[in-house]
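Participant: Here you go, this is start_36.csv (CSV, C-alpha atoms).
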```csv
chain,number,residue,atom,x,y,z
A,1,MET,CA,4.1,120.9,-8.8
A,2,ALA,CA,6.0,118.0,-10.3
A,3,GLU,CA,5.9,119.6,-13.8
A,4,GLN,CA,7.4,122.8,-12.3
A,5,ALA,CA,10.0,121.0,-10.3
A,6,ILE,CA,11.4,119.0,-13.3
A,7,PRO,CA,12.5,122.0,-15.4
A,8,GLY,CA,14.1,123.5,-12.3
A,9,TYR,CA,15.9,120.2,-11.6
A,10,LYS,CA,17.1,120.1,-15.2
A,11,ARG,CA,18.4,123.7,-15.0
A,12,TRP,CA,20.3,122.8,-11.8
A,13,LEU,CA,21.9,119.8,-13.5
A,14,GLU,CA,22.8,121.9,-16.6
A,15,GLY,CA,24.4,124.5,-14.3
A,16,ILE,CA,26.6,121.8,-12.7
A,17,GLY,CA,27.6,120.6,-16.1
A,18,GLU,CA,28.5,124.1,-17.3
A,19,GLN,CA,30.6,124.7,-14.2
A,20,GLY,CA,32.3,121.4,-14.8
A,21,VAL,CA,33.2,122.5,-18.4
A,22,PHE,CA,34.3,125.9,-17.1
A,23,PHE,CA,36.5,124.2,-14.4
A,24,LYS,CA,38.1,122.0,-17.1
A,25,GLY,CA,38.7,125.0,-19.3
A,26,PHE,CA,40.4,126.8,-16.5
A,27,PHE,CA,42.8,123.9,-15.8
A,28,ARG,CA,43.6,123.3,-19.4
A,29,ASN,CA,44.6,127.0,-19.9
A,30,ILE,CA,46.9,127.1,-16.8
A,31,PHE,CA,49.4,124.9,-18.5
A,32,ARG,CA,49.3,126.5,-21.9
A,33,GLY,CA,52.2,128.6,-23.1
A,34,GLY,CA,52.1,132.3,-22.8
A,35,PHE,CA,50.9,132.9,-19.3
A,36,GLU,CA,49.7,136.4,-18.8
A,37,TRP,CA,52.2,137.5,-16.1
A,38,SER,CA,51.4,141.3,-16.4
A,39,GLU,CA,47.7,140.7,-15.9
A,40,PHE,CA,48.4,138.3,-13.1
A,41,VAL,CA,50.5,140.9,-11.2
A,42,ARG,CA,47.8,143.5,-11.8
A,43,GLN,CA,45.1,141.3,-10.4
A,44,CYS,CA,47.3,140.5,-7.4
A,45,TYR,CA,47.5,144.3,-6.8
A,46,GLU,CA,43.8,144.8,-7.3
A,47,ILE,CA,42.7,141.9,-5.2
A,48,GLY,CA,45.4,142.0,-2.5
A,49,TYR,CA,46.6,145.5,-2.0
A,50,ARG,CA,43.2,147.2,-2.6
A,51,SER,CA,41.5,144.9,-0.2
A,52,MET,CA,44.0,145.3,2.6
A,53,MET,CA,42.4,148.4,4.2
A,54,LEU,CA,39.0,146.7,4.4
A,55,VAL,CA,40.4,143.5,5.8
A,56,GLY,CA,42.5,145.4,8.3
A,57,ILE,CA,39.6,147.4,9.6
A,58,THR,CA,37.3,144.4,9.8
A,59,SER,CA,39.9,142.3,11.6
A,60,PHE,CA,40.8,145.0,14.1
A,61,ILE,CA,37.2,145.5,15.0
A,62,MET,CA,36.6,141.8,15.3
A,63,GLY,CA,39.6,141.3,17.7
A,64,LEU,CA,38.5,144.3,19.8
A,65,VAL,CA,34.9,143.2,20.1
A,66,LEU,CA,35.8,139.5,20.9
A,67,ILE,CA,37.9,140.5,23.8
A,68,LEU,CA,35.2,142.9,25.1
A,69,GLN,CA,32.6,140.2,24.8
A,70,LEU,CA,34.7,137.4,26.3
A,71,ARG,CA,36.1,139.3,29.2
A,72,PRO,CA,33.0,139.3,31.5
A,73,SER,CA,32.4,135.6,31.1
A,74,MET,CA,36.1,134.8,31.7
A,75,LEU,CA,36.1,137.1,34.7
A,76,GLU,CA,33.2,135.3,36.3
A,77,MET,CA,35.1,132.0,35.9
A,78,GLY,CA,38.4,133.4,37.2
A,79,ALA,CA,40.0,132.7,33.8
A,80,GLU,CA,40.8,136.2,32.7
A,81,SER,CA,44.5,135.3,32.3
A,82,ILE,CA,43.7,133.0,29.3
A,83,LEU,CA,41.9,135.7,27.3
A,84,PRO,CA,44.9,136.1,24.9
A,85,LYS,CA,45.1,132.4,24.3
A,86,THR,CA,41.4,132.1,23.7
A,87,LEU,CA,41.4,134.9,21.2
A,88,ALA,CA,44.4,133.6,19.4
A,89,VAL,CA,43.1,130.1,19.0
A,90,ALA,CA,39.6,131.2,18.0
A,91,PHE,CA,40.7,133.9,15.6
A,92,VAL,CA,43.4,131.9,13.8
A,93,ARG,CA,41.5,128.7,13.6
A,94,GLU,CA,38.1,129.9,12.5
A,95,ILE,CA,37.0,133.5,13.0
A,96,GLY,CA,39.7,135.2,11.0
A,97,PRO,CA,39.7,133.0,7.9
A,98,VAL,CA,35.9,132.8,7.6
A,99,ILE,CA,35.2,136.5,8.3
A,100,ILE,CA,38.0,137.7,6.0
A,101,ALA,CA,36.8,135.3,3.2
A,102,ILE,CA,33.2,136.5,3.5
A,103,ILE,CA,34.4,140.2,3.4
A,104,CYS,CA,36.5,139.4,0.3
A,105,ALA,CA,33.6,137.5,-1.3
A,106,GLY,CA,31.5,140.6,-1.0
A,107,LYS,CA,34.2,142.8,-2.5
A,108,ILE,CA,36.2,140.6,-4.9
A,109,ALA,CA,33.6,138.1,-6.2
A,110,SER,CA,31.1,140.9,-6.9
A,111,GLY,CA,33.8,143.0,-8.6
A,112,ILE,CA,35.0,140.1,-10.8
A,113,GLY,CA,31.4,139.2,-11.7
A,114,ALA,CA,30.4,142.7,-12.6
A,115,GLU,CA,33.6,143.3,-14.6
A,116,LEU,CA,33.4,140.1,-16.7
A,117,GLY,CA,29.7,140.5,-17.0
A,118,SER,CA,30.0,144.0,-18.4
A,119,MET,CA,32.7,142.7,-20.8
A,120,LYS,CA,30.3,140.0,-21.9
A,121,VAL,CA,27.4,142.5,-22.4
A,122,THR,CA,29.6,144.8,-24.5
A,123,GLU,CA,30.9,141.9,-26.5
A,124,GLN,CA,34.6,142.5,-25.5
A,125,ILE,CA,35.0,138.8,-24.7
A,126,ASP,CA,33.7,137.9,-28.2
A,127,ALA,CA,36.1,140.4,-29.7
A,128,MET,CA,39.0,138.8,-27.9
A,129,GLU,CA,38.0,135.4,-29.3
A,130,VAL,CA,37.7,136.8,-32.9
A,131,SER,CA,41.1,138.5,-32.7
A,132,GLY,CA,42.7,135.2,-31.7
A,133,ALA,CA,43.3,136.0,-28.0
A,134,ASN,CA,42.5,133.5,-25.3
A,135,PRO,CA,39.9,135.2,-22.9
A,136,LEU,CA,39.9,132.2,-20.5
A,137,GLN,CA,43.7,132.5,-20.0
A,138,TYR,CA,43.8,136.3,-19.9
A,139,LEU,CA,40.6,136.9,-17.8
A,140,VAL,CA,39.8,133.8,-15.9
A,141,VAL,CA,43.1,132.0,-15.1
A,142,THR,CA,44.8,135.1,-13.8
A,143,ARG,CA,42.0,136.1,-11.5
A,144,ILE,CA,41.4,132.7,-10.0
A,145,ILE,CA,45.1,132.1,-9.3
A,146,SER,CA,45.4,135.7,-7.9
A,147,THR,CA,42.5,135.1,-5.5
A,148,SER,CA,43.9,131.7,-4.4
A,149,LEU,CA,47.2,133.4,-3.5
A,150,MET,CA,46.0,136.7,-2.1
A,151,ILE,CA,43.2,135.4,0.3
A,152,PRO,CA,45.7,133.4,2.4
A,153,LEU,CA,48.0,136.5,2.5
A,154,LEU,CA,45.2,138.8,3.5
A,155,THR,CA,44.2,136.2,6.2
A,156,LEU,CA,47.7,136.3,7.7
A,157,ILE,CA,47.6,140.1,7.8
A,158,GLY,CA,44.1,140.1,9.2
A,159,ASP,CA,45.0,137.6,12.0
A,160,ALA,CA,47.9,139.8,13.1
A,161,ILE,CA,45.7,143.0,13.1
A,162,GLY,CA,42.9,141.2,14.9
A,163,LEU,CA,45.3,140.1,17.7
A,164,PHE,CA,46.5,143.7,18.0
A,165,GLY,CA,42.9,144.9,18.3
A,166,GLY,CA,42.4,142.4,21.1
A,167,TYR,CA,45.5,143.8,22.8
A,168,LEU,CA,44.1,147.3,22.7
A,169,ALA,CA,40.7,146.1,24.0
A,170,LEU,CA,42.4,144.2,26.9
A,171,ASN,CA,44.2,147.3,27.9
A,172,PHE,CA,41.0,149.3,28.2
A,173,THR,CA,40.5,147.7,31.7
A,174,ASP,CA,43.7,145.8,32.4
A,175,ASP,CA,47.4,146.7,32.1
A,176,VAL,CA,49.0,144.0,30.0
A,177,SER,CA,52.4,144.6,28.4
A,178,PHE,CA,52.7,144.1,24.6
A,179,PRO,CA,55.4,141.4,24.8
A,180,LEU,CA,53.5,139.4,27.4
A,181,TYR,CA,50.3,139.5,25.5
A,182,PHE,CA,51.8,138.3,22.2
A,183,HIS,CA,53.9,135.7,24.0
A,184,LYS,CA,50.7,134.2,25.4
A,185,CYS,CA,49.0,134.4,21.9
A,186,ILE,CA,51.9,132.8,20.1
A,187,SER,CA,52.7,130.1,22.7
A,188,SER,CA,49.0,129.0,22.6
A,189,LEU,CA,49.1,128.2,18.9
A,190,GLU,CA,50.3,124.9,17.5
A,191,PHE,CA,51.1,123.7,14.0
A,192,TYR,CA,47.6,122.1,13.7
A,193,ASP,CA,46.0,125.4,14.6
A,194,PHE,CA,47.8,127.5,12.0
A,195,PHE,CA,48.4,125.1,9.0
A,196,PRO,CA,44.9,123.8,8.4
A,197,ALA,CA,43.4,127.3,8.7
A,198,LEU,CA,45.9,128.6,6.1
A,199,ILE,CA,45.2,125.7,3.7
A,200,LYS,CA,41.5,126.2,3.7
A,201,THR,CA,41.9,129.9,2.9
A,202,VAL,CA,43.5,128.8,-0.4
A,203,PHE,CA,40.2,126.9,-1.2
A,204,PHE,CA,38.3,130.0,0.0
A,205,GLY,CA,40.2,132.1,-2.5
A,206,PHE,CA,39.7,129.6,-5.3
A,207,ALA,CA,36.0,129.5,-4.7
A,208,ILE,CA,35.8,133.3,-4.7
A,209,GLY,CA,37.7,133.6,-7.9
A,210,PHE,CA,36.0,130.7,-9.7
A,211,VAL,CA,32.5,131.8,-8.8
A,212,GLY,CA,33.1,135.4,-9.7
A,213,CYS,CA,34.6,134.5,-13.1
A,214,TYR,CA,32.0,131.9,-13.9
A,215,LYS,CA,29.0,134.1,-13.1
A,216,GLY,CA,30.5,137.0,-15.0
A,217,TYR,CA,31.8,135.0,-18.0
A,218,ASN,CA,28.5,133.2,-18.5
A,219,SER,CA,26.2,136.1,-17.8
A,220,ASN,CA,23.4,136.8,-20.3
A,221,LYS,CA,23.2,139.7,-22.7
A,222,GLY,CA,21.6,142.8,-21.3
A,223,THR,CA,22.6,145.4,-18.8
A,224,GLU,CA,20.5,143.9,-16.0
A,225,SER,CA,22.6,140.7,-16.2
A,226,VAL,CA,25.7,142.6,-14.9
A,227,GLY,CA,24.0,143.3,-11.6
A,228,ILE,CA,22.6,139.7,-11.5
A,229,ALA,CA,26.0,138.3,-12.1
A,230,ALA,CA,27.6,140.4,-9.3
A,231,ASN,CA,24.8,139.6,-6.8
A,232,SER,CA,24.8,135.9,-7.6
A,233,ALA,CA,28.6,135.7,-7.3
A,234,VAL,CA,28.5,137.1,-3.8
A,235,VAL,CA,25.8,134.8,-2.6
A,236,THR,CA,27.2,131.6,-4.2
A,237,ALA,CA,30.8,132.4,-3.1
A,238,SER,CA,29.6,133.0,0.5
A,239,LEU,CA,27.7,129.7,0.4
A,240,TRP,CA,30.7,127.8,-0.9
A,241,ILE,CA,32.9,129.3,1.8
A,242,PHE,CA,30.7,127.9,4.6
A,243,VAL,CA,30.5,124.5,2.8
A,244,ILE,CA,34.3,124.3,2.4
A,245,ASP,CA,34.8,125.5,6.0
A,246,ALA,CA,32.4,122.7,7.3
A,247,VAL,CA,34.3,120.1,5.3
A,248,ALA,CA,37.7,121.5,6.4
A,249,VAL,CA,36.7,121.4,10.1
A,250,GLN,CA,35.6,117.8,9.8
A,251,ILE,CA,38.9,116.8,8.1
A,252,THR,CA,41.0,118.7,10.6
A,253,SER,CA,39.1,117.2,13.6
A,254,ILE,CA,39.8,113.7,12.2
A,255,LEU,CA,43.5,114.3,11.4
A,256,PHE,CA,44.6,116.5,14.3
A,257,TYR,CA,42.1,116.7,17.1
A,258,ARG,CA,41.3,113.0,17.8
```
Transcribe the structure of this file into structure tokens.

Facilitator:
Amino acid sequence: MAEQAIPGYKRWLEGIGEQGVFFKGFFRNIFRGGFEWSEFVRQCYEIGYRSMMLVGITSFIMGLVLILQLRPSMLEMGAESILPKTLAVAFVREIGPVIIAIICAGKIASGIGAELGSMKVTEQIDAMEVSGANPLQYLVVTRIISTSLMIPLLTLIGDAIGLFGGYLALNFTDDVSFPLYFHKCISSLEFYDFFPALIKTVFFGFAIGFVGCYKGYNSNKGTESVGIAANSAVVTASLWIFVIDAVAVQITSILFYR
């Protein structure tokens, strides 16, 4: 048992070291001249615009379902009037950012891992290095920065769509005007509800992009490694999202909710 555990422990430490080297290479190449703006814009389009439909549908359904689930309990307590406030605070603080990040991890991290993994298998990355190009700057930096910017934007859009879904669900049984509903939602939100949630989505996006790029860029030779890289990217990115969220909640509680 001990002999089997030691090699696994060594591989785990080696993996941490490799990620540290990859992280260092990413930051070194951000500040080098010749930033790939065209690839950056293309990645923003691929990551942001092409994920908008999935994020919108997911957020709409989540807002609708939350109102339908919360209404019976609120009705029993005579607190039906605070349903919009409850949905707004819960969705903006926690549910929206985490659910949208998990959805994007499944779509974006797997896509980046499979794309870079296939480039590694077909030796396109090696060809870029031989030709004098900088694959880290072209493939990795643009994707990580794009995810770090697009995930917060997708979260803002998803929050708005989720609140709209809650409005439609509330009107299945009650007659609530659109201005009154959104006035209750907006008036219930404070700066410390919105700002920390937005900041942690930047870290969610960075984790999604970094994990996807690392898994794909360092995949092994062989066609099966592409699928392994994509699957591992989704699992690892999802785990990091929950870890970051747990840390962010603790920091936010100390700074704002004491």

Participant: Find the residue from A:Ile151, A:Val65, A:Ile254, A:Leu75 that sits nearest to A:Tyr192; use only C-alpha atoms when measuring.

Facilitator: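 Going through A:Ile151, A:Val65, A:Ile254, A:Leu75 one by one, the smallest distance to A:Tyr192 is for A:Ile254.
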
Participant: Could you tell me how far atom CA of A:Lys85 lies from atom CA of A:Arg71, in Å and to one decimal?

Facilitator: 12.4 Å

Participant: I'd like the interatomic distance between atom CA of A:Asn231 and atom CA of A:Gly63, to a tenth of an Å.

Facilitator: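 Interatomic distance, atom CA of A:Asn231 to atom CA of A:Gly63: 28.7 Å.
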
Participant: Using all atoms listed in the file, find the one residue out of A:Val176, A:Ala237, A:Ile228, A:Val92 that sits nearest to A:Ala160.

Facilitator: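 Nearest to A:Ala160: A:Val92.
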
Participant: Give as a PyMOL selection string every residue, naming chains and numbers as the document does, that has an atom within 12 Å of (46.9, 135.1, 35.5), counting all atoms listed in the file.

Facilitator: chain A and resi 74-75+78-85+174+176+180-181+184

Participant: Considering all atoms listed in the file, state which residue in the set A:Tyr138, A:Phe204, A:Phe195, A:Phe91 is at the smallest distance from A:Cys104.

Facilitator: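 The closest residue to A:Cys104 is A:Phe204.
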
Participant: Let me make sure I understand: among A:Phe31, A:Gly162, A:Tyr167, A:Ile199, which one has the smallest atom-to-atom distance to A:Ile61 if we use only C-alpha atoms?

Facilitator: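 The answer is A:Gly162, which sits nearest to A:Ile61.
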
Participant: Can you tell me how far atom CA of A:Leu66 sits from atom CA of A:Ala169, in Å to one decimal?

Facilitator: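 Result for atom CA of A:Leu66 versus atom CA of A:Ala169: 8.8 Å, one decimal.
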
Participant: What's around stretch 28-30 of chain A at 8 Å? Count only C-alpha atoms, leave out sequence neighbours fewer than 3 positions away in its own chain, and write the answer as a ChimeraX atom specification.

Facilitator: /A:24-25,35,136-137,141

Participant: Enumerate, as a ChimeraX atom specification, the protein, DNA and RNA residues whose atoms approach (45.0, 128.9, 10.8) to within 9 Å, taking into account all atoms listed in the file and the coordinate frame of the file.

Facilitator: /A:89,91-94,96-97,155-156,159,191-201

Participant: From the list A:Ala233, A:Leu163, A:Ser219, A:Ile244, which residue is nearest A:Phe178 when using all atoms listed in the file?

Facilitator: A:Leu163
